[in-house]
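Dumped model38.csv below, it's CSV, C-alpha atoms:
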```csv
chain,number,residue,atom,x,y,z
A,1,MET,CA,4.1,84.5,73.3
A,2,GLN,CA,7.4,82.7,74.3
A,3,LYS,CA,9.9,82.6,71.5
A,4,VAL,CA,11.9,79.5,70.5
A,5,ARG,CA,15.5,80.2,71.3
A,6,ILE,CA,17.8,79.4,68.5
A,7,GLY,CA,21.6,78.7,68.7
A,8,LEU,CA,23.1,79.3,65.2
A,9,VAL,CA,26.1,77.0,64.5
A,10,GLY,CA,28.2,78.5,61.7
A,11,TYR,CA,28.7,82.0,60.3
A,12,GLY,CA,29.3,81.4,56.5
A,13,ASN,CA,27.1,82.0,53.5
A,14,ALA,CA,24.3,79.7,54.6
A,15,ALA,CA,24.2,81.5,58.0
A,16,GLN,CA,23.8,84.8,56.2
A,17,PHE,CA,20.5,83.8,54.5
A,18,HIS,CA,19.3,81.9,57.5
A,19,MET,CA,19.7,85.0,59.6
A,20,ARG,CA,17.8,87.1,57.0
A,21,ALA,CA,15.1,84.5,57.2
A,22,TRP,CA,15.1,84.2,61.0
A,23,ARG,CA,14.4,88.0,61.2
A,24,GLN,CA,11.1,87.4,59.6
A,25,VAL,CA,10.0,84.7,62.1
A,26,ASP,CA,8.1,86.2,65.0
A,27,ARG,CA,8.0,82.9,66.9
A,28,ALA,CA,11.8,82.5,67.2
A,29,GLU,CA,14.9,84.5,68.4
A,30,VAL,CA,18.5,83.7,67.6
A,31,VAL,CA,20.2,84.1,71.0
A,32,ALA,CA,23.7,83.0,70.1
A,33,VAL,CA,26.1,82.0,67.3
A,34,CYS,CA,29.1,79.8,67.4
A,35,GLY,CA,32.0,78.8,65.1
A,36,ARG,CA,35.5,77.5,65.2
A,37,ALA,CA,37.0,81.0,64.6
A,38,GLY,CA,35.7,82.8,67.7
A,39,ASP,CA,36.6,86.2,66.3
A,40,ARG,CA,34.5,85.6,63.2
A,41,ALA,CA,31.6,84.4,65.3
A,42,ALA,CA,31.8,87.5,67.3
A,43,ALA,CA,31.9,89.7,64.2
A,44,PHE,CA,28.9,87.8,62.8
A,45,ALA,CA,27.0,88.4,66.1
A,46,GLU,CA,27.8,92.1,66.0
A,47,GLN,CA,26.6,92.3,62.4
A,48,TYR,CA,23.2,90.8,63.1
A,49,GLY,CA,22.7,92.0,66.7
A,50,ILE,CA,23.0,88.5,68.2
A,51,PRO,CA,23.5,88.7,72.0
A,52,ARG,CA,26.2,86.0,72.5
A,53,SER,CA,28.9,84.3,70.5
A,54,PHE,CA,31.0,81.2,71.2
A,55,ALA,CA,33.8,79.2,69.6
A,56,THR,CA,32.1,75.8,69.8
A,57,MET,CA,28.6,74.4,70.0
A,58,GLY,CA,29.5,72.7,73.3
A,59,GLU,CA,30.4,76.0,74.9
A,60,MET,CA,27.2,77.6,73.5
A,61,LEU,CA,25.0,74.9,74.9
A,62,ALA,CA,26.8,75.0,78.3
A,63,GLY,CA,26.8,78.8,78.4
A,64,LEU,CA,23.1,79.6,77.9
A,65,GLU,CA,19.7,78.1,77.3
A,66,VAL,CA,18.7,77.3,73.7
A,67,ASP,CA,15.8,75.3,72.5
A,68,ALA,CA,17.2,74.4,69.1
A,69,VAL,CA,20.4,74.5,67.1
A,70,ASP,CA,20.5,75.6,63.5
A,71,LEU,CA,23.3,73.7,61.7
A,72,VAL,CA,24.6,75.9,58.9
A,73,VAL,CA,28.0,74.3,58.7
A,74,PRO,CA,29.9,72.3,56.1
A,75,ASN,CA,28.2,69.0,55.3
A,76,HIS,CA,30.8,66.8,56.9
A,77,LEU,CA,29.9,68.3,60.3
A,78,HIS,CA,26.2,67.7,60.1
A,79,ALA,CA,26.1,64.2,61.5
A,80,SER,CA,28.4,64.7,64.5
A,81,LEU,CA,26.8,68.0,65.5
A,82,ALA,CA,23.2,66.7,65.1
A,83,ILE,CA,24.0,63.8,67.4
A,84,GLU,CA,25.7,66.1,69.9
A,85,ALA,CA,22.8,68.5,69.9
A,86,ALA,CA,20.2,65.6,70.3
A,87,HIS,CA,22.2,64.2,73.2
A,88,ALA,CA,22.0,67.6,74.9
A,89,GLY,CA,18.2,67.5,74.4
A,90,LYS,CA,18.1,70.2,71.8
A,91,HIS,CA,15.9,70.2,68.7
A,92,VAL,CA,17.9,70.0,65.5
A,93,ILE,CA,17.6,72.2,62.3
A,94,CYS,CA,19.9,70.9,59.7
A,95,GLU,CA,20.8,72.3,56.2
A,96,LYS,CA,20.8,69.9,53.2
A,97,HIS,CA,22.2,67.4,52.6
A,98,LEU,CA,21.9,65.4,55.8
A,99,THR,CA,25.3,63.7,55.6
A,100,GLY,CA,27.7,62.0,53.2
A,101,TYR,CA,31.0,60.2,52.9
A,102,PHE,CA,34.0,62.3,53.5
A,103,GLY,CA,36.7,59.8,54.0
A,104,GLU,CA,38.1,58.1,57.1
A,105,PRO,CA,39.9,59.9,60.0
A,106,ASP,CA,43.3,59.0,58.6
A,107,THR,CA,42.4,59.8,55.0
A,108,PRO,CA,44.8,62.4,53.6
A,109,GLU,CA,43.2,65.8,52.8
A,110,ASP,CA,44.2,65.5,49.1
A,111,GLU,CA,43.2,61.8,48.7
A,112,PRO,CA,40.9,61.5,45.6
A,113,ILE,CA,38.4,59.3,47.4
A,114,GLY,CA,35.8,59.9,44.7
A,115,LYS,CA,37.9,57.8,42.4
A,116,THR,CA,39.3,55.2,44.9
A,117,VAL,CA,36.6,54.3,47.4
A,118,PRO,CA,33.8,52.0,46.1
A,119,LYS,CA,30.5,53.7,46.2
A,120,ARG,CA,28.9,50.8,48.0
A,121,ASP,CA,31.3,51.3,50.9
A,122,MET,CA,30.4,55.0,50.9
A,123,LEU,CA,26.7,54.1,51.0
A,124,ALA,CA,27.2,51.8,54.0
A,125,LYS,CA,28.9,54.5,55.9
A,126,VAL,CA,26.2,57.0,55.1
A,127,LYS,CA,23.5,54.6,56.1
A,128,GLY,CA,25.3,54.0,59.4
A,129,GLN,CA,25.5,57.8,60.1
A,130,CYS,CA,21.8,58.2,59.3
A,131,ASP,CA,20.9,55.4,61.6
A,132,GLU,CA,23.0,57.0,64.4
A,133,ILE,CA,21.3,60.4,64.0
A,134,ARG,CA,17.8,58.7,63.9
A,135,ALA,CA,18.6,56.8,67.1
A,136,ALA,CA,19.9,59.9,68.9
A,137,VAL,CA,16.9,62.0,67.9
A,138,ALA,CA,14.4,59.3,68.9
A,139,LYS,CA,16.1,58.7,72.3
A,140,ALA,CA,16.1,62.4,73.1
A,141,GLY,CA,12.5,63.0,71.9
A,142,VAL,CA,13.5,66.1,70.0
A,143,LYS,CA,12.4,67.4,66.6
A,144,PHE,CA,14.6,67.0,63.5
A,145,CYS,CA,13.9,69.7,60.9
A,146,TYR,CA,15.4,69.2,57.5
A,147,ALA,CA,16.1,72.6,55.8
A,148,GLU,CA,15.0,71.6,52.3
A,149,ASN,CA,13.8,75.0,51.1
A,150,TRP,CA,12.3,73.7,47.8
A,151,VAL,CA,9.5,72.2,49.9
A,152,TYR,CA,8.6,75.6,51.1
A,153,ALA,CA,9.2,77.7,47.9
A,154,PRO,CA,5.9,79.4,47.0
A,155,ALA,CA,5.9,78.0,43.5
A,156,PHE,CA,6.3,74.5,44.8
A,157,VAL,CA,3.7,75.0,47.5
A,158,LYS,CA,1.2,76.2,44.9
A,159,LEU,CA,2.0,73.2,42.7
A,160,ARG,CA,1.2,70.9,45.6
A,161,ARG,CA,-2.1,72.7,46.3
A,162,LEU,CA,-3.1,72.4,42.6
A,163,ALA,CA,-2.2,68.7,42.7
A,164,ASP,CA,-4.3,68.2,45.8
A,165,ALA,CA,-7.2,70.0,44.1
A,166,ALA,CA,-6.9,68.1,40.9
A,167,ASP,CA,-6.8,64.8,42.9
A,168,GLY,CA,-5.3,63.0,39.9
A,169,THR,CA,-2.4,60.5,40.1
A,170,ILE,CA,1.1,61.9,39.8
A,171,LEU,CA,2.5,59.7,37.1
A,172,ARG,CA,5.8,61.4,36.4
A,173,MET,CA,7.9,64.2,37.7
A,174,LYS,CA,10.8,66.0,36.0
A,175,ALA,CA,13.1,68.3,38.0
A,176,GLU,CA,16.5,70.0,37.8
A,177,GLU,CA,18.9,72.2,39.6
A,178,SER,CA,21.9,73.5,37.7
A,179,HIS,CA,24.1,76.5,37.2
A,180,SER,CA,27.6,77.4,36.0
A,181,GLY,CA,29.3,75.9,39.0
A,182,SER,CA,30.1,76.5,42.6
A,183,PRO,CA,32.9,79.1,43.3
A,184,SER,CA,33.9,77.1,46.4
A,185,ILE,CA,37.1,75.1,46.2
A,186,TYR,CA,35.6,72.7,48.7
A,187,ALA,CA,32.9,71.8,46.2
A,188,LYS,CA,35.4,70.4,43.8
A,189,GLN,CA,36.8,67.6,45.9
A,190,TRP,CA,34.9,64.6,47.4
A,191,ARG,CA,36.9,64.8,50.6
A,192,THR,CA,35.3,68.1,51.5
A,193,ALA,CA,32.0,68.0,49.5
A,194,GLY,CA,30.8,64.5,49.9
A,195,GLY,CA,30.2,64.3,46.2
A,196,GLY,CA,29.6,66.5,43.2
A,197,SER,CA,26.6,67.8,41.3
A,198,ILE,CA,24.4,64.8,42.3
A,199,VAL,CA,24.5,65.7,46.0
A,200,LEU,CA,25.2,69.4,46.0
A,201,LYS,CA,22.6,70.3,43.3
A,202,GLY,CA,20.5,67.2,43.0
A,203,SER,CA,19.5,67.0,46.7
A,204,HIS,CA,17.0,69.8,46.1
A,205,PRO,CA,15.0,68.3,43.2
A,206,VAL,CA,15.3,64.9,44.7
A,207,GLY,CA,14.0,66.1,48.0
A,208,ALA,CA,11.0,67.9,46.4
A,209,ALA,CA,10.1,64.9,44.3
A,210,LEU,CA,10.2,62.6,47.4
A,211,GLN,CA,8.2,65.0,49.5
A,212,LEU,CA,5.5,65.3,46.8
A,213,LYS,CA,5.0,61.5,46.6
A,214,GLN,CA,5.0,61.3,50.5
A,215,TRP,CA,2.1,63.8,50.5
A,216,GLU,CA,0.2,62.0,47.7
A,217,GLY,CA,0.6,58.7,49.5
A,218,GLN,CA,-0.6,60.0,52.9
A,219,LYS,CA,-3.6,61.5,51.2
A,220,LYS,CA,-4.6,58.5,49.1
A,221,LEU,CA,-3.2,55.5,50.9
A,222,GLY,CA,-2.6,56.6,54.4
A,223,ARG,CA,1.1,56.1,54.1
A,224,PRO,CA,4.0,57.8,52.2
A,225,ILE,CA,4.8,56.6,48.7
A,226,ARG,CA,8.4,55.6,48.9
A,227,PRO,CA,11.2,55.2,46.2
A,228,THR,CA,12.1,51.7,45.3
A,229,SER,CA,15.0,52.0,42.9
A,230,VAL,CA,17.3,54.5,41.3
A,231,THR,CA,19.2,54.5,38.0
A,232,CYS,CA,22.0,57.1,37.5
A,233,GLU,CA,24.6,58.4,35.1
A,234,VAL,CA,27.3,60.9,36.0
A,235,GLY,CA,29.9,62.7,34.0
A,236,ASN,CA,32.7,65.3,33.9
A,237,LEU,CA,31.6,67.5,31.0
A,238,THR,CA,34.3,70.1,31.8
A,239,PHE,CA,36.9,67.4,31.0
A,240,ILE,CA,35.9,67.5,27.3
A,241,GLU,CA,39.1,68.2,25.4
A,242,SER,CA,37.7,70.9,23.1
A,243,LEU,CA,36.5,72.8,26.2
A,244,SER,CA,39.9,72.7,27.8
A,245,ARG,CA,41.4,74.3,24.7
A,246,GLU,CA,38.9,77.3,24.7
A,247,GLU,CA,40.6,80.6,25.6
A,248,LYS,CA,37.9,81.7,28.0
A,249,HIS,CA,35.8,79.6,30.3
A,250,TYR,CA,32.3,80.8,31.4
A,251,ILE,CA,31.6,77.8,33.6
A,252,LYS,CA,33.7,76.6,36.6
A,253,MET,CA,36.6,74.3,35.8
A,254,ASP,CA,39.2,72.3,37.8
A,255,TRP,CA,36.9,69.7,39.3
A,256,LYS,CA,38.9,67.1,41.1
A,257,ASP,CA,37.3,63.7,41.9
A,258,VAL,CA,33.7,64.7,41.7
A,259,GLU,CA,31.2,64.8,38.8
A,260,ASP,CA,30.0,68.1,37.3
A,261,TRP,CA,26.8,66.6,35.8
A,262,GLY,CA,24.4,63.8,36.7
A,263,ALA,CA,21.0,62.5,35.9
A,264,LEU,CA,18.9,59.9,37.7
A,265,VAL,CA,15.6,58.1,37.4
A,266,LEU,CA,13.6,57.2,40.5
A,267,ARG,CA,10.9,54.6,40.6
A,268,PHE,CA,8.3,54.6,43.4
A,269,ASP,CA,6.3,51.8,45.0
A,270,ASP,CA,3.1,52.9,43.1
A,271,GLY,CA,4.9,52.6,39.7
A,272,SER,CA,5.4,56.3,39.1
A,273,VAL,CA,8.8,57.8,38.2
A,274,ALA,CA,10.9,61.0,38.6
A,275,GLU,CA,13.6,62.2,36.3
A,276,ILE,CA,16.2,64.4,38.1
A,277,ALA,CA,19.1,66.4,36.5
A,278,ALA,CA,21.8,68.3,38.3
A,279,GLY,CA,24.8,70.1,36.9
A,280,ASP,CA,27.5,72.7,37.2
A,281,THR,CA,27.7,73.3,33.5
A,282,THR,CA,24.6,75.5,32.8
A,283,LEU,CA,24.9,79.2,31.9
A,284,GLY,CA,22.3,81.9,32.7
A,285,GLY,CA,22.0,81.7,36.4
A,286,VAL,CA,20.4,79.2,38.7
A,287,HIS,CA,18.0,76.9,36.8
A,288,ASN,CA,15.5,75.3,39.4
A,289,TYR,CA,12.2,73.8,38.4
A,290,LEU,CA,9.9,70.8,39.1
A,291,GLU,CA,7.3,69.6,36.6
A,292,ALA,CA,4.5,67.2,37.6
A,293,TYR,CA,2.6,65.2,35.1
A,294,LEU,CA,-0.8,64.1,36.6
A,295,SER,CA,-3.4,61.9,35.1
A,296,ASN,CA,-5.6,64.9,34.8
A,297,ALA,CA,-3.3,67.9,34.9
A,298,ARG,CA,0.2,69.2,34.2
A,299,LEU,CA,2.0,71.5,36.6
A,300,ARG,CA,5.3,73.3,36.7
A,301,ALA,CA,7.0,75.2,39.5
A,302,ASN,CA,9.7,77.6,38.3
A,303,ILE,CA,11.7,78.5,41.4
A,304,ASN,CA,14.6,80.1,39.4
A,305,PRO,CA,14.3,81.9,37.2
A,306,ASN,CA,10.8,83.3,37.0
A,307,ASN,CA,9.4,86.3,35.1
A,308,ALA,CA,8.0,88.3,38.0
A,309,CYS,CA,10.4,91.0,37.0
A,310,VAL,CA,12.1,91.3,33.6
A,311,ALA,CA,14.9,93.7,32.7
A,312,TYR,CA,17.1,94.6,29.7
A,313,ALA,CA,20.4,96.5,29.6
A,314,PRO,CA,22.6,96.9,26.5
A,315,GLU,CA,25.7,96.7,28.7
A,316,ASP,CA,26.4,94.9,31.9
A,317,HIS,CA,27.5,98.0,33.9
A,318,ILE,CA,24.2,99.9,33.5
A,319,PHE,CA,22.5,98.4,36.6
A,320,GLY,CA,25.6,99.0,38.7
A,321,ASP,CA,25.6,97.2,42.1
A,322,GLU,CA,21.9,96.4,42.0
A,323,TYR,CA,21.4,92.7,42.6
A,324,ILE,CA,19.8,90.7,39.8
A,325,SER,CA,19.8,87.0,40.7
A,326,GLU,CA,22.0,84.2,42.0
A,327,LYS,CA,25.0,83.1,39.9
A,328,ILE,CA,24.1,85.1,36.8
A,329,GLU,CA,27.2,85.7,34.6
A,330,THR,CA,26.3,89.1,33.3
A,331,LYS,CA,23.8,91.9,33.9
A,332,GLY,CA,23.8,92.8,30.2
A,333,GLY,CA,21.0,91.7,27.8
A,334,TRP,CA,17.6,90.3,29.1
A,335,SER,CA,17.6,89.2,32.7
A,336,PHE,CA,15.1,88.1,35.3
A,337,PRO,CA,15.8,90.1,38.5
A,338,SER,CA,14.5,88.4,41.6
A,339,PRO,CA,12.3,90.8,43.6
A,340,GLU,CA,12.6,88.8,46.8
A,341,GLU,CA,14.9,85.9,46.3
A,342,ASP,CA,14.9,84.5,49.9
A,343,TRP,CA,11.1,84.4,49.9
A,344,ASN,CA,10.9,82.9,46.4
A,345,GLN,CA,13.2,80.1,47.5
A,346,GLY,CA,11.2,79.4,50.7
A,347,TYR,CA,13.8,80.3,53.4
A,348,PRO,CA,11.6,82.3,55.8
A,349,GLN,CA,8.7,79.9,55.3
A,350,GLU,CA,10.8,76.8,56.2
A,351,LEU,CA,12.2,78.4,59.4
A,352,ARG,CA,8.8,79.6,60.4
A,353,ASP,CA,7.5,76.1,60.1
A,354,PHE,CA,10.4,74.8,62.2
A,355,ALA,CA,9.8,77.3,65.0
A,356,GLU,CA,6.1,76.6,65.0
A,357,ALA,CA,6.7,72.8,65.0
A,358,ILE,CA,8.9,73.1,68.0
A,359,ALA,CA,6.6,75.5,69.9
A,360,GLU,CA,3.5,73.5,69.1
A,361,ASN,CA,5.1,70.1,69.6
A,362,ARG,CA,4.2,68.8,66.1
A,363,ASP,CA,6.3,67.4,63.3
A,364,PRO,CA,7.7,69.8,60.8
A,365,ILE,CA,6.7,69.6,57.1
A,366,SER,CA,10.2,68.6,56.1
A,367,GLY,CA,11.6,66.2,58.7
A,368,PHE,CA,13.9,63.3,59.3
A,369,MET,CA,12.3,60.8,56.9
A,370,LEU,CA,12.9,63.2,54.0
A,371,ALA,CA,16.5,64.0,55.1
A,372,ARG,CA,17.4,60.3,55.4
A,373,ASP,CA,15.7,59.3,52.2
A,374,VAL,CA,17.5,62.0,50.2
A,375,ALA,CA,20.9,61.0,51.5
A,376,LEU,CA,20.4,57.3,50.8
A,377,VAL,CA,18.8,57.9,47.4
A,378,LEU,CA,21.8,60.1,46.4
A,379,TYR,CA,24.4,57.5,47.4
A,380,GLY,CA,22.3,54.7,45.9
A,381,ALA,CA,22.5,56.8,42.7
A,382,TYR,CA,26.3,56.8,42.9
A,383,VAL,CA,26.3,53.0,43.3
A,384,SER,CA,24.1,52.7,40.2
A,385,ALA,CA,26.4,55.0,38.2
A,386,GLU,CA,29.5,53.2,39.2
A,387,GLU,CA,28.2,49.7,38.7
A,388,GLY,CA,26.1,50.4,35.7
A,389,ASN,CA,22.8,49.0,36.8
A,390,ARG,CA,19.6,49.9,38.6
A,391,PHE,CA,20.0,50.1,42.4
A,392,ASP,CA,17.4,48.6,44.6
A,393,LEU,CA,16.5,51.0,47.4
A,394,THR,CA,14.0,48.9,49.3
A,395,ALA,CA,16.6,47.2,51.5
A,396,ILE,CA,18.0,50.5,52.8
A,397,LEU,CA,14.9,52.7,53.1
A,398,ASP,CA,13.3,51.0,56.1
```
Can the structure from this file be put into structure tokens for me?
Amino acid sequence: MQKVRIGLVGYGNAAQFHMRAWRQVDRAEVVAVCGRAGDRAAAFAEQYGIPRSFATMGEMLAGLEVDAVDLVVPNHLHASLAIEAAHAGKHVICEKHLTGYFGEPDTPEDEPIGKTVPKRDMLAKVKGQCDEIRAAVAKAGVKFCYAENWVYAPAFVKLRRLADAADGTILRMKAEESHSGSPSIYAKQWRTAGGGSIVLKGSHPVGAALQLKQWEGQKKLGRPIRPTSVTCEVGNLTFIESLSREEKHYIKMDWKDVEDWGALVLRFDDGSVAEIAAGDTTLGGVHNYLEAYLSNARLRANINPNNACVAYAPEDHIFGDEYISEKIETKGGWSFPSPEEDWNQGYPQELRDFAEAIAENRDPISGFMLARDVALVLYGAYVSAEEGNRFDLTAILD
């Protein structure tokens, strides 16, 4: 069996969990890694036994044969690298979210664009980037694989199978991703993050809700059920004065020009709705779930946390260096250790699907439609929040 040759672009945190996942995919082989700091790329290659390393994607594509690139780089690089890879005839695997607004070429690094640039202008730029990527992928005839792991998480997959078996109508969905805040300084400024909680956290539950309605539509109507409007509110809860006066902060502070909380309501063309929350102000580790209310059933997928394993320790030092779960503040008290976190979150499953889609010349489960819809819904939500009204999505989701 010939393996799909993968060129990894990036060597940061996302590259770490992608590499752990790629090792579980028999159909693929990571043959090279690249990144702007060549020495760090070389160190990453040595750490994971990757044969070659390069400083740029261009050098990598010129230096050896790869079938697909896996973009695990900061969000502001997704669009340009996806287009470059497509022009080179390579299949594209892209981490969430597809793209966003990060300022103009002459925008100063410290410009608070989240407060100064109208969100409609941002949305127009994002739509233009999405259209460029779509055109490049279509012209090259390559696959675009959108790495939305929620779609592949076992709890969500089981929810989908139960919904299919019930064959009822999905009337309403409720979903959330939240935790105590990203430790990255880049996440706190629009110029480097492309938004706050709505995009960095909300992209997951939005993507899962959109995918679930796509599946339902294909089954019952022969076409995807698409979102038609979004209504959104955002806030900076960490700016509350009484919080700033507290002596110790357990949640991340110092957000610049991005929101640390947001909630949105999506309406779909069949009349159903989805309620999505996202925040960087929730203690107790990562809180990821999706609940579906059907006409004849009620389903809930608990991605994080779940009670497959439960632990208690009277003091936080007792479990030593043993990993508990992502972004938990303490190991003391009751906790929910994750037995196999990468698997529970769907990372090996999504990459296996991508490798098989490329090898078998079929569409991946999570593809470009989902990637584009998520990006445009998120920025439509920002327009709604800024202008204080429901935003019509039908004109931009062609």
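Minimum distance to A:Glu350 across A:Val31, A:Ile328, A:Val157, A:Ala41 (counting all atoms listed in the file) occurs at A:Val157.
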For A:Gln214: contacts at 6 Å, only C-alpha atoms, fewer than 2 positions along chain excluded, given as a tab-separated table (two decimals) with C-alpha atoms, keeping the file's coordinate frame:
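Below is the file out_35.tsv, written as the result:
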```tsv
chain	number	residue	atom	x	y	z
A	211	GLN	CA	8.20	65.00	49.50
A	212	LEU	CA	5.50	65.30	46.80
A	216	GLU	CA	0.20	62.00	47.70
A	217	GLY	CA	0.60	58.70	49.50
A	224	PRO	CA	4.00	57.80	52.20
A	225	ILE	CA	4.80	56.60	48.70
```
Expected answer as a VMD selection string: all residues with atoms within 7 Å of (16.7, 93.0, 27.6), all atoms listed in the file: chain A and resid 311 to 313 333 to 335
From the options A:Leu159, A:Leu71, A:Ile396, A:Val9, which residue's atoms come nearest to A:Leu299, counting only C-alpha atoms? A:Leu159
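Considering the residues A:Cys145, A:Ala42, A:Ala193, A:Ile251 and counting only C-alpha atoms, A:His76 has its shortest atom-to-atom contact with A:Ala193.
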Show me the residues around (25.5, 54.9, 58.7) - criterion: an atom at most 12 Å away, only C-alpha atoms counted - as a ChimeraX atom specification. /A:79-80,98-101,120-135,372,375-376,379,396
Write the residues you've just listed into a file as a PDB file, in the frame of the given file, and include C-alpha atoms for each of them.
```pdb
ATOM      1  CA  ALA A  79      26.100  64.200  61.500  1.00  0.00           C
ATOM      2  CA  SER A  80      28.400  64.700  64.500  1.00  0.00           C
ATOM      3  CA  LEU A  98      21.900  65.400  55.800  1.00  0.00           C
ATOM      4  CA  THR A  99      25.300  63.700  55.600  1.00  0.00           C
ATOM      5  CA  GLY A 100      27.700  62.000  53.200  1.00  0.00           C
ATOM      6  CA  TYR A 101      31.000  60.200  52.900  1.00  0.00           C
ATOM      7  CA  ARG A 120      28.900  50.800  48.000  1.00  0.00           C
ATOM      8  CA  ASP A 121      31.300  51.300  50.900  1.00  0.00           C
ATOM      9  CA  MET A 122      30.400  55.000  50.900  1.00  0.00           C
ATOM     10  CA  LEU A 123      26.700  54.100  51.000  1.00  0.00           C
ATOM     11  CA  ALA A 124      27.200  51.800  54.000  1.00  0.00           C
ATOM     12  CA  LYS A 125      28.900  54.500  55.900  1.00  0.00           C
ATOM     13  CA  VAL A 126      26.200  57.000  55.100  1.00  0.00           C
ATOM     14  CA  LYS A 127      23.500  54.600  56.100  1.00  0.00           C
ATOM     15  CA  GLY A 128      25.300  54.000  59.400  1.00  0.00           C
ATOM     16  CA  GLN A 129      25.500  57.800  60.100  1.00  0.00           C
ATOM     17  CA  CYS A 130      21.800  58.200  59.300  1.00  0.00           C
ATOM     18  CA  ASP A 131      20.900  55.400  61.600  1.00  0.00           C
ATOM     19  CA  GLU A 132      23.000  57.000  64.400  1.00  0.00           C
ATOM     20  CA  ILE A 133      21.300  60.400  64.000  1.00  0.00           C
ATOM     21  CA  ARG A 134      17.800  58.700  63.900  1.00  0.00           C
ATOM     22  CA  ALA A 135      18.600  56.800  67.100  1.00  0.00           C
ATOM     23  CA  ARG A 372      17.400  60.300  55.400  1.00  0.00           C
ATOM     24  CA  ALA A 375      20.900  61.000  51.500  1.00  0.00           C
ATOM     25  CA  LEU A 376      20.400  57.300  50.800  1.00  0.00           C
ATOM     26  CA  TYR A 379      24.400  57.500  47.400  1.00  0.00           C
ATOM     27  CA  ILE A 396      18.000  50.500  52.800  1.00  0.00           C
TER      28      ILE A 396
END
```
Near-stretch 273-280 of chain A list (9 Å; only C-alpha atoms; drop same-chain fewer than 4 positions) as number ranges by chain: A: 170-182, 196-203, 205-206, 209-210, 227, 251-252, 259-268, 292
Could the residues in this selection be written to a file with C-alpha atoms, as a JSON list (two decimals), keeping the file's coordinate frame?
```
[["chain", "number", "residue", "atom", "x", "y", "z"],
["A", 170, "ILE", "CA", 1.10, 61.90, 39.80],
["A", 171, "LEU", "CA", 2.50, 59.70, 37.10],
["A", 172, "ARG", "CA", 5.80, 61.40, 36.40],
["A", 173, "MET", "CA", 7.90, 64.20, 37.70],
["A", 174, "LYS", "CA", 10.80, 66.00, 36.00],
["A", 175, "ALA", "CA", 13.10, 68.30, 38.00],
["A", 176, "GLU", "CA", 16.50, 70.00, 37.80],
["A", 177, "GLU", "CA", 18.90, 72.20, 39.60],
["A", 178, "SER", "CA", 21.90, 73.50, 37.70],
["A", 179, "HIS", "CA", 24.10, 76.50, 37.20],
["A", 180, "SER", "CA", 27.60, 77.40, 36.00],
["A", 181, "GLY", "CA", 29.30, 75.90, 39.00],
["A", 182, "SER", "CA", 30.10, 76.50, 42.60],
["A", 196, "GLY", "CA", 29.60, 66.50, 43.20],
["A", 197, "SER", "CA", 26.60, 67.80, 41.30],
["A", 198, "ILE", "CA", 24.40, 64.80, 42.30],
["A", 199, "VAL", "CA", 24.50, 65.70, 46.00],
["A", 200, "LEU", "CA", 25.20, 69.40, 46.00],
["A", 201, "LYS", "CA", 22.60, 70.30, 43.30],
["A", 202, "GLY", "CA", 20.50, 67.20, 43.00],
["A", 203, "SER", "CA", 19.50, 67.00, 46.70],
["A", 205, "PRO", "CA", 15.00, 68.30, 43.20],
["A", 206, "VAL", "CA", 15.30, 64.90, 44.70],
["A", 209, "ALA", "CA", 10.10, 64.90, 44.30],
["A", 210, "LEU", "CA", 10.20, 62.60, 47.40],
["A", 227, "PRO", "CA", 11.20, 55.20, 46.20],
["A", 251, "ILE", "CA", 31.60, 77.80, 33.60],
["A", 252, "LYS", "CA", 33.70, 76.60, 36.60],
["A", 259, "GLU", "CA", 31.20, 64.80, 38.80],
["A", 260, "ASP", "CA", 30.00, 68.10, 37.30],
["A", 261, "TRP", "CA", 26.80, 66.60, 35.80],
["A", 262, "GLY", "CA", 24.40, 63.80, 36.70],
["A", 263, "ALA", "CA", 21.00, 62.50, 35.90],
["A", 264, "LEU", "CA", 18.90, 59.90, 37.70],
["A", 265, "VAL", "CA", 15.60, 58.10, 37.40],
["A", 266, "LEU", "CA", 13.60, 57.20, 40.50],
["A", 267, "ARG", "CA", 10.90, 54.60, 40.60],
["A", 268, "PHE", "CA", 8.30, 54.60, 43.40],
["A", 292, "ALA", "CA", 4.50, 67.20, 37.60]]
```
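Rounded to one decimal, atom CA of A:Thr231 and atom CA of A:Ala395 lie 15.6 Å from each other.
Closest approach to A:Arg160 from the set A:Ile113, A:Ala297, A:Val230, A:Ala37 is made by A:Ala297, with distances taken over only C-alpha atoms.
Compared by their closest atoms to A:Ala208, and using all atoms listed in the file, the residues A:Lys248, A:Pro305, A:Val374, A:Gly284 rank with A:Val374 nearest.
Atom CA of A:Tyr382 sits 8.1 Å away from atom CA of A:Glu233.
Using only C-alpha atoms, the smallest distance between any of A:Ala155, A:Arg20, A:Ala32, A:Asn75 and A:Thr56 comes from A:Ala32.
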Quick check, in Å to one decimal: how far apart do atom CA of A:Val72 and atom CA of A:Leu8 lie? 7.3 Å
Write out as a count of residues only each polymer residue whose atoms come within 8 Å of A:Leu351, counting all atoms listed in the file; drop sequence neighbours fewer than 3 positions from it. 8
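Near A:Glu65, within a cut-off of 10 Å and counting only C-alpha atoms, sit the residues Arg5, Ile6, Gly7, Val31, Ala32, Met60 and Lys90 of chain A, with same-chain residues fewer than 5 positions away left out.
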